[in-house]
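S.K.: Below is one structure. I have some questions about it.
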2 protein chains.
Amino acid sequence: MVALDQVRFLGFDVFGTVVDWRTGVARAAEPFLRRNGVDVDPLHFADRWRELYQPAMEKVRSGERPWVRLRVLNRENLDSALDAIGRPASSFRGEELNELNLAWERLEPWPDSVEGLTRLKRRFAIGALSNGDLTTMTNLARIGHLPWDVIVGAEVTRSYKPQPQTYLGSAGAVGVAPDQAGMVAAHNSDLHAARSCGLHTLFVRRSTEHGPGQTTDLDPDSNWKIAANSLTEIADALGC
Amino acid sequence: MVALDQVRFLGFDVFGTVVDWRTGVARAAEPFLRRNGVDVDPLHFADRWRELYQPAMEKVRSGERPWVRLRVLNRENLDSALDAIGRPASSFRGEELNELNLAWERLEPWPDSVEGLTRLKRRFAIGALSNGDLTTMTNLARIGHLPWDVIVGAEVTRSYKPQPQTYLGSAGAVGVAPDQAGMVAAHNSDLHAARSCGLHTLFVRRSTEHGPGQTTDLDPDSNWKIAANSLTEIADALGC
């Protein structure tokens with residue numbers, strides 16, 4: 001069993017770590033694409049949309065544009081994704097695109113997420129520590145019955161991971177020092193950034209986040225405190 | 001039954017409305033006062049401490065001092081409350097005072113709060129919409145098992161009620177228009193401010209918040225959408 005005696009708060013990445021964005025976005029895109037005669041695999045469309053996620057946040061991180069919530073970036077990225085497949089966003093009704101954009105707020109948890117979080121919550125304060133905004137996180141929590149004690153992360157800290165302020169500001173918001181906090185994520189890069197800020201690091205393997213052909217984050221690339229296959233395995237490892 | 005068809009989010013005042021601050025603070029103060037030979041009724045001490053709450057926030061609201069979290073104000077107010085009873089704060093160990101200040105993060109809910117919130121949560125997104133900071137709200141939620149979907153209010157909006165930004169920013173943070181939000185509070189002044197911002201208003205009578213001699217907020221002073229004696233009665237009135 002792993003000891004994390006000084007840890008009082010666990011922050012969780014959400015997209016990919018707690019919820020399955022790819023099949024959820026594809027499921028929402030499928031009727032939209034069909035209705036509009038767009039001959040693109042919904043999973044492929046989800047991937048193209050998601051690819052624009054990091055570059056869009058990077059403009060905020062770099063200061064090229066002022067703080068803006070992720071749901072706004074997702075909506076802009078939808079326009080770009082449609083433009084890229086040769087079906088200009090301007091040819092759709094805005095309302096239809098706004099509705100499709102809500103796909104990111106209606107994603108389902110991985111099968112182990114609710115049980116894992118519920119068990120970890122007995123011992124730790126638990127919170128979403130995501131780049132998603134408060135609206136998105138609130139809606140995901142309601143739909144997926146995610147038992148957060150608190151939602152911190154990008155909107156509360158006005159910064160996008162992996163900027164240090166997202167981790168440090170989130171720990172500060174819940175009143176703990178960095179070394180009293182743990183970061184749980186399916187992405188090695190997230191954990192490297194969290195470790196640089198002094199947080200403890202817990203890896204959960206989500207080897208189908210990007211589909212059956214996934215090539216990234218299949219394994220921990222460093223000696224994280226825990227590396228597990230599910231949130232329930234993390235709870236096991238911590239004796240929760 | 002009252003219809004609030006368009007409402008999707010209910011924001012709750014917390015101190016006095018959901019949790020009982022007076023007996024909780026007095027309970028924490030009692031051993032402190034006894035140990036230090038301070039001959040003051042703990043309930044009286046709680047009242048004196050609490051009296052400094054609004055003036056302290058007012059300095060932030062007015063811009064006289066920059067944004068600061070409520071737990072910092074509470075800690076400063078503790079010094080002032082001790083000074084006022086002739087036992088200068090400087091005569092105590094800082095650590096002891098910091099510990100006593102945590103009383104505000106360890107308050108128990110009123111007996112109906114958890115059941116009322118749990119029932120209301122079935123239909124509405126529910127959130128703390130308090131002047132308390134995220135740390136305090138998180139700790140109160142854990143101790144009291146308050147099933148918030150989200151914590152908004154002062155820290156998220158960097159403003160103290162009754163400033164409009166606290167209500168409007170909180171509604172915006174959870175992605176609803178003001179008229180899709182309801183404010184639940186035991187204080188008429190809170191509801192007047194919320195109504196000015198376009199929120200729906202729900203009053204809960206907490207006639208012993210300030211003790212048996214309470215003279216304020218014993219009754220609704222306007223035609224609030226609902227006026228009830230408990231959060232479970234509010235759930236009843238809404239058919240939850």
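By convention in this document, the chains of the structure tokens carry letters A, B, ... by their order, each chain's residues are numbered from 1, and ligands are numbered from 1 in the order they are shown.
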Go through chain A and flag each residue having an atom no more than 8 Å from chain B; for those, report the closest pair of atoms plus their distance in Å to one decimal, using only C-alpha atoms, ordered by chain and rising number, as a tab-separated table.
M.R.:
residue	atom	partner	partner_atom	distance
A:Ala125	CA	B:Arg142	CA	7.4
A:Asp133	CA	B:Ala173	CA	7.9
A:Leu134	CA	B:Ala173	CA	5.8
A:Thr135	CA	B:Val174	CA	4.2
A:Thr136	CA	B:Val174	CA	7.9
A:Thr138	CA	B:Asp149	CA	6.0
A:Ala141	CA	B:Asp149	CA	6.8
A:Arg142	CA	B:Asp149	CA	6.9
A:Pro147	CA	B:Pro147	CA	7.9
A:Trp148	CA	B:Asp149	CA	7.4
A:Asp149	CA	B:Thr138	CA	6.0
A:Val150	CA	B:Thr138	CA	6.1
A:Ile151	CA	B:Val150	CA	6.3
A:Val156	CA	B:Val156	CA	6.2
A:Ala173	CA	B:Leu134	CA	5.8
A:Val174	CA	B:Thr135	CA	4.2
A:Gly175	CA	B:Thr135	CA	5.2
S.K.: Using only C-alpha atoms, determine which residues lie at most 8 Å from Phe32 of chain A, disregarding the query and same-chain residues fewer than 4 positions distant; provide the list as a PyMOL selection string.
M.R.: chain A and resi 28+36+100
S.K.: Could the residues in this selection be saved with N, CA and C atoms as a compact mmCIF listing (two decimals), in the first residue's frame?
M.R.:
# COMPACT_ATOMS: atom_id res chain seq x y z
N ALA A 28 -22.72 12.36 -29.92
CA ALA A 28 -23.48 13.60 -30.15
C ALA A 28 -23.33 14.07 -31.60
N ASN A 36 -26.98 16.36 -41.67
CA ASN A 36 -26.46 17.37 -42.59
C ASN A 36 -25.70 16.76 -43.77
N LEU A 100 -24.63 21.26 -30.46
CA LEU A 100 -23.59 20.23 -30.60
C LEU A 100 -22.44 20.48 -29.64
S.K.: When you look at Asp83 of chain A with a cut-off of 12 Å (counting only C-alpha atoms), what residues show up, excluding the ones that are within fewer than 5 positions of it in the same chain? I need them as a list of chain:residue names.
M.R.: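 Answer for this query is A:Phe45, A:Arg48, A:Trp49, A:Glu76, A:Asn77, A:Leu78, A:Pro88, A:Ala89, A:Ser90, A:Ser91, A:Phe92.
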S.K.: So that I can check the surroundings of segment 10-12 of chain A, please list as a list of chain:residue names every protein, DNA and RNA residue that reaches within 6 Å of it, counting only C-alpha atoms and ignoring chain neighbours fewer than 6 positions away.
M.R.: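 Near neighbours after the sequence-gap exclusion: A:Ile126, A:Gly127, A:Ala128, A:Leu129, A:Ala181, A:Gly182, A:Met183, A:Val184.
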S.K.: Which parts of segment 22-231 of chain B does DSSP call strand (DSSP E or B) when run on the backbone here, written out as a PyMOL selection string?
M.R.: chain B and resi 109+125-130+150-153+181-185+200-204+226-228
S.K.: Give me a file of those residues, with C-alpha atoms, as a PDB file, in the first residue's frame.
M.R.:
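New file out.pdb:
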ATOM      1  CA  PRO B 109     -25.774  22.089   9.162  1.00  0.00           C
ATOM      2  CA  ALA B 125     -28.191  22.123  -9.858  1.00  0.00           C
ATOM      3  CA  ILE B 126     -27.357  23.335  -6.364  1.00  0.00           C
ATOM      4  CA  GLY B 127     -24.449  25.441  -5.226  1.00  0.00           C
ATOM      5  CA  ALA B 128     -23.109  27.358  -2.279  1.00  0.00           C
ATOM      6  CA  LEU B 129     -23.528  31.055  -3.096  1.00  0.00           C
ATOM      7  CA  SER B 130     -21.914  32.430   0.013  1.00  0.00           C
ATOM      8  CA  VAL B 150     -20.590  23.401  -7.318  1.00  0.00           C
ATOM      9  CA  ILE B 151     -19.297  26.134  -5.058  1.00  0.00           C
ATOM     10  CA  VAL B 152     -19.651  29.648  -6.415  1.00  0.00           C
ATOM     11  CA  GLY B 153     -20.136  32.969  -4.606  1.00  0.00           C
ATOM     12  CA  ALA B 181     -31.346  30.961 -11.038  1.00  0.00           C
ATOM     13  CA  GLY B 182     -32.881  31.051  -7.588  1.00  0.00           C
ATOM     14  CA  MET B 183     -31.339  32.447  -4.414  1.00  0.00           C
ATOM     15  CA  VAL B 184     -32.155  30.688  -1.152  1.00  0.00           C
ATOM     16  CA  ALA B 185     -31.405  32.663   2.004  1.00  0.00           C
ATOM     17  CA  HIS B 200     -35.792  34.242  -8.157  1.00  0.00           C
ATOM     18  CA  THR B 201     -35.938  34.472  -4.383  1.00  0.00           C
ATOM     19  CA  LEU B 202     -36.670  31.823  -1.750  1.00  0.00           C
ATOM     20  CA  PHE B 203     -36.752  32.654   1.950  1.00  0.00           C
ATOM     21  CA  VAL B 204     -36.089  30.170   4.720  1.00  0.00           C
ATOM     22  CA  ILE B 226     -41.357  30.917  -1.393  1.00  0.00           C
ATOM     23  CA  ALA B 227     -41.168  31.499   2.345  1.00  0.00           C
ATOM     24  CA  ALA B 228     -40.619  28.356   4.373  1.00  0.00           C
TER      25      ALA B 228
END
S.K.: Under the rule that only C-alpha atoms are counted, which of A:Tyr53, A:Trp21, A:Tyr160, A:Phe9 is the nearest residue to Trp104 of chain A?
M.R.: A:Trp21
S.K.: In terms of the shortest atom-to-atom distance over only C-alpha atoms, which of A:Glu64, A:Asp79, A:Asp13, A:Asp221 is closest to Asn101 of chain A?
M.R.: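 Comparing A:Glu64, A:Asp79, A:Asp13, A:Asp221 against Asn101 of chain A, the winner is A:Asp79.
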S.K.: For atom CA of Asp217 of chain A and atom CA of Ala186 of chain A, quote the distance in Å rounded to one decimal.
M.R.: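 Spanning atom CA of Asp217 of chain A to atom CA of Ala186 of chain A is a straight-line distance of 7.0 Å.
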S.K.: Env of Val38 of chain A: 9 Å cut, atoms = only C-alpha atoms, seq-sep filter 4 positions within chain, self excluded. Answer as a VMD selection string.
M.R.: chain A and resid 32 to 34 85 87
S.K.: Write out as a list of chain:residue names the set of residues from segment 157-224 of chain B that DSSP, computed on the backbone, places in helix (DSSP H, G or I).
M.R.: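 Here is the list: B:Thr157, B:Pro164, B:Gln165, B:Thr166, B:Tyr167, B:Leu168, B:Gly169, B:Ser170, B:Ala171, B:Gly172, B:Ala173, B:Pro178, B:Asp179, B:Gln180, B:Asn188, B:Ser189, B:Asp190, B:Leu191, B:His192, B:Ala193, B:Ala194, B:Arg195, B:Ser196.
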S.K.: Take the residues from that selection and write them out as a PDB file, in the first residue's frame, keeping C-alpha atoms.
M.R.:
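In the end it all went to out09.pdb:
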ATOM      1  CA  THR B 157     -16.580  36.207  -8.465  1.00  0.00           C
ATOM      2  CA  PRO B 164     -24.471  42.437  -7.957  1.00  0.00           C
ATOM      3  CA  GLN B 165     -21.373  40.720  -9.302  1.00  0.00           C
ATOM      4  CA  THR B 166     -21.603  37.947  -6.701  1.00  0.00           C
ATOM      5  CA  TYR B 167     -25.059  36.935  -7.929  1.00  0.00           C
ATOM      6  CA  LEU B 168     -24.565  37.626 -11.620  1.00  0.00           C
ATOM      7  CA  GLY B 169     -21.084  36.136 -11.762  1.00  0.00           C
ATOM      8  CA  SER B 170     -22.224  33.014  -9.942  1.00  0.00           C
ATOM      9  CA  ALA B 171     -25.135  32.476 -12.320  1.00  0.00           C
ATOM     10  CA  GLY B 172     -22.771  33.029 -15.233  1.00  0.00           C
ATOM     11  CA  ALA B 173     -20.240  30.614 -13.806  1.00  0.00           C
ATOM     12  CA  PRO B 178     -30.187  35.341 -13.847  1.00  0.00           C
ATOM     13  CA  ASP B 179     -33.850  34.398 -14.311  1.00  0.00           C
ATOM     14  CA  GLN B 180     -32.839  30.738 -14.526  1.00  0.00           C
ATOM     15  CA  ASN B 188     -34.128  39.408   3.483  1.00  0.00           C
ATOM     16  CA  SER B 189     -31.298  41.729   2.461  1.00  0.00           C
ATOM     17  CA  ASP B 190     -29.640  38.932   0.511  1.00  0.00           C
ATOM     18  CA  LEU B 191     -32.878  38.256  -1.341  1.00  0.00           C
ATOM     19  CA  HIS B 192     -33.491  41.920  -2.148  1.00  0.00           C
ATOM     20  CA  ALA B 193     -30.061  42.111  -3.741  1.00  0.00           C
ATOM     21  CA  ALA B 194     -30.596  38.861  -5.634  1.00  0.00           C
ATOM     22  CA  ARG B 195     -33.968  40.065  -6.921  1.00  0.00           C
ATOM     23  CA  SER B 196     -32.387  43.286  -8.150  1.00  0.00           C
TER      24      SER B 196
END
S.K.: I need the residue nearest Gly198 of chain B from this list: B:Ala46, B:Ile234, B:Trp67, B:Ala177. Use only C-alpha atoms for the distance.
M.R.: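 Of B:Ala46, B:Ile234, B:Trp67, B:Ala177, the one nearest Gly198 of chain B is B:Ala177, counting only C-alpha atoms.
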S.K.: Have a look at A:Leu82, A:Leu52, A:Ile143, A:Leu97 and name the one nearest to Val19 of chain A; count only C-alpha atoms.
M.R.: A:Ile143
S.K.: By how many Å are atom CA of Glu105 of chain B and atom CA of Ala154 of chain B apart?
M.R.: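 These atoms are spaced 15.6 Å apart.
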S.K.: Excluding same-chain residues fewer than 5 positions from Pro212 of chain B, what lies within 12 Å of it counting only C-alpha atoms, as a PDB file with C-alpha atoms, in the first residue's frame?
M.R.:
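Saved to out01.pdb:
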ATOM      1  CA  ARG B  22     -23.531  30.705  16.350  1.00  0.00           C
ATOM      2  CA  THR B  23     -23.575  27.521  18.384  1.00  0.00           C
ATOM      3  CA  LEU B  43     -22.278  32.647  22.708  1.00  0.00           C
ATOM      4  CA  ARG B 206     -33.998  30.689  10.688  1.00  0.00           C
ATOM      5  CA  SER B 207     -35.474  32.339  13.735  1.00  0.00           C
ATOM      6  CA  LEU B 218     -38.014  36.567  11.641  1.00  0.00           C
TER       7      LEU B 218
END
S.K.: Enter the distance from atom CA of Ala235 of chain B to atom CA of Val7 of chain B, in Å, rounded to one decimal.
M.R.: 13.8 Å
